[in-house]
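K.L.:
Below you'll find the structure I mean.
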Amino acid sequence: MHLSMHNWMRAEPIEVTVARLAKYGYESIEISGEPYTYDTKEVRKILNEHGIRCWGSVTLMLEERNLVAKDEAQRAESVQYVKDCVTMVKELDGYEMTIVPATVGKIAADGTPEEEWEWAVDSMKQIYEYALKEGVKLAVEPINRFETYFCSRTAQAIALAKATGPECGVCLDAFHLNIEEVDPYESILSVKGMLVDFHVADTNRFACGQGHWDWLKLVGTLKTIGYDGALTVEFVAPVDRTPANPYPDAIETNPVDISPEQRKFIEEHGSSMLTEEFYSWQVKTCADTLLPLI
């Protein structure tokens, strides 16, 4: 296993992110699923300069992005978006593409369960055929019920992956597992041979080590099933706006440019624009917690 990290949680130049990862001992990045934002030639140059590689990407299911939308044109646009993410991963020599099927924050269904399953499988199969040709591995990620109504448990992700194709896998996230699974460790055991990616944040979505996950047991369970991919850090630190706030310097008062959609996405995850000092401390804390275990 090795340590990786997402970068969608803080709006900053990619070179700042990559330099920080190198500083704290990370090996790779799982780059934001915003393929229209990055010049992959420039990103590759930055990665090479710092000795960091691209592990993959994750879909950012903002606004109208939805593989299970009732509207056929919306589904088609969403499929093309994910294909463009796959292309980005390929151009960065990445390995995998993590897919959240439905719009994050959407908790009302567009159709019957049977209709939505058909839409999901059809969308995933189109992406799967393209990813196979591009040499990029797909992984279906379940996220908690408060962020999606469609795929929130490990068993659901396994079912969608199997319906998609034999080379499609699953991505699990420690934060979501803690909410949705009766036994998170058994859920990890159930994806033996299918686990492509594993996202990490603690039970409160702060940095690893700041909640009540037993990280020694969790990493040990991953080793038990032979997982040798990335532990991809994805903390989304909650923001306290009351006098009880233990981290009064966490909120950025002079944020860098960020699109309204991206800001909304971060805020709907219970976070906000974070200061560089606080964010870097969270990045370091994850490394300090996990590196000795892997």
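To be explicit about the labels: the chains of the structure tokens are called A, B, and onward in the order shown, and within each one the residues are counted from 1, while ligands get numbers from 1 in the order they are shown.
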Quick one: residues within 8 Å of stretch 73-88 of chain A, only C-alpha atoms, excluding same-chain residues fewer than 3 positions away - as a PyMOL selection string?
P.N.:
chain A and resi 33-35+40+57+59+64-70+91-92+97+99+123-124+126-127+130-131+134+136
K.L.:
Stretch 120-172 of chain A near stretch 101-113 of chain A within 8 Å: what's each residue's closest atom pair and its distance in Å to one decimal, counting only C-alpha atoms, ordered by chain then ascending residue number, as a tab-separated table?
P.N.:
residue	atom	partner	partner_atom	distance
A:Ala120	CA	A:Pro101	CA	7.2
A:Val140	CA	A:Pro101	CA	7.5
A:Glu141	CA	A:Pro101	CA	7.9
A:Arg145	CA	A:Ile107	CA	7.7
A:Phe146	CA	A:Ile107	CA	7.1
A:Glu147	CA	A:Gly105	CA	4.5
A:Thr148	CA	A:Ile107	CA	5.1
A:Tyr149	CA	A:Ile107	CA	4.8
A:Phe150	CA	A:Ala102	CA	6.8
A:Cys151	CA	A:Pro101	CA	7.5
K.L.:
Create the file for the chosen residues now, containing N, CA and C atoms and written as a PDB file, in the first residue's frame.
P.N.:
ATOM      1  N   ALA A 120     -28.358   3.132 -14.689  1.00  0.00           N
ATOM      2  CA  ALA A 120     -27.019   3.061 -14.097  1.00  0.00           C
ATOM      3  C   ALA A 120     -26.131   2.060 -14.828  1.00  0.00           C
ATOM      4  N   VAL A 140     -16.514   1.546  -8.514  1.00  0.00           N
ATOM      5  CA  VAL A 140     -17.765   2.146  -8.061  1.00  0.00           C
ATOM      6  C   VAL A 140     -17.647   2.449  -6.573  1.00  0.00           C
ATOM      7  N   GLU A 141     -17.966   3.705  -6.201  1.00  0.00           N
ATOM      8  CA  GLU A 141     -17.865   4.083  -4.784  1.00  0.00           C
ATOM      9  C   GLU A 141     -19.244   4.342  -4.184  1.00  0.00           C
ATOM     10  N   ARG A 145     -25.980   7.792   2.896  1.00  0.00           N
ATOM     11  CA  ARG A 145     -27.368   8.071   2.495  1.00  0.00           C
ATOM     12  C   ARG A 145     -27.726   9.556   2.520  1.00  0.00           C
ATOM     13  N   PHE A 146     -26.948  10.357   3.254  1.00  0.00           N
ATOM     14  CA  PHE A 146     -27.236  11.786   3.318  1.00  0.00           C
ATOM     15  C   PHE A 146     -26.652  12.534   2.114  1.00  0.00           C
ATOM     16  N   GLU A 147     -25.848  11.839   1.326  1.00  0.00           N
ATOM     17  CA  GLU A 147     -25.263  12.434   0.119  1.00  0.00           C
ATOM     18  C   GLU A 147     -25.816  11.807  -1.160  1.00  0.00           C
ATOM     19  N   THR A 148     -26.413  10.644  -1.050  1.00  0.00           N
ATOM     20  CA  THR A 148     -27.034  10.008  -2.225  1.00  0.00           C
ATOM     21  C   THR A 148     -28.089   9.024  -1.765  1.00  0.00           C
ATOM     22  N   TYR A 149     -29.102   8.842  -2.597  1.00  0.00           N
ATOM     23  CA  TYR A 149     -30.115   7.829  -2.315  1.00  0.00           C
ATOM     24  C   TYR A 149     -29.822   6.541  -3.068  1.00  0.00           C
ATOM     25  N   PHE A 150     -28.862   6.577  -4.010  1.00  0.00           N
ATOM     26  CA  PHE A 150     -28.753   5.475  -4.973  1.00  0.00           C
ATOM     27  C   PHE A 150     -27.792   4.367  -4.569  1.00  0.00           C
ATOM     28  N   CYS A 151     -26.592   4.685  -4.177  1.00  0.00           N
ATOM     29  CA  CYS A 151     -25.589   3.650  -3.897  1.00  0.00           C
ATOM     30  C   CYS A 151     -24.806   4.052  -2.655  1.00  0.00           C
TER      31      CYS A 151
END
K.L.:
So, counting only C-alpha atoms, which residue among A:Asn48, A:Thr289, A:Asn245, A:Thr37 is closest to A:Val18?
P.N.:
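Using only C-alpha atoms, A:Val18 sits closest to A:Asn48.
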K.L.:
Just the residues within 10 Å of A:Asp173, please, counting only C-alpha atoms, with nothing from its chain fewer than 2 positions along; format it as a VMD selection string.
P.N.:
chain A and resid 141 to 144 154 171 175 to 178 188 197 to 202 231 to 234
K.L.:
For the structure I just gave you, how does DSSP split stretch 158-207 of chain A - specifically, which residues are alpha helix (DSSP H)? Reply as a PyMOL selection string.
P.N.:
chain A and resi 158-164+174-180+184-190
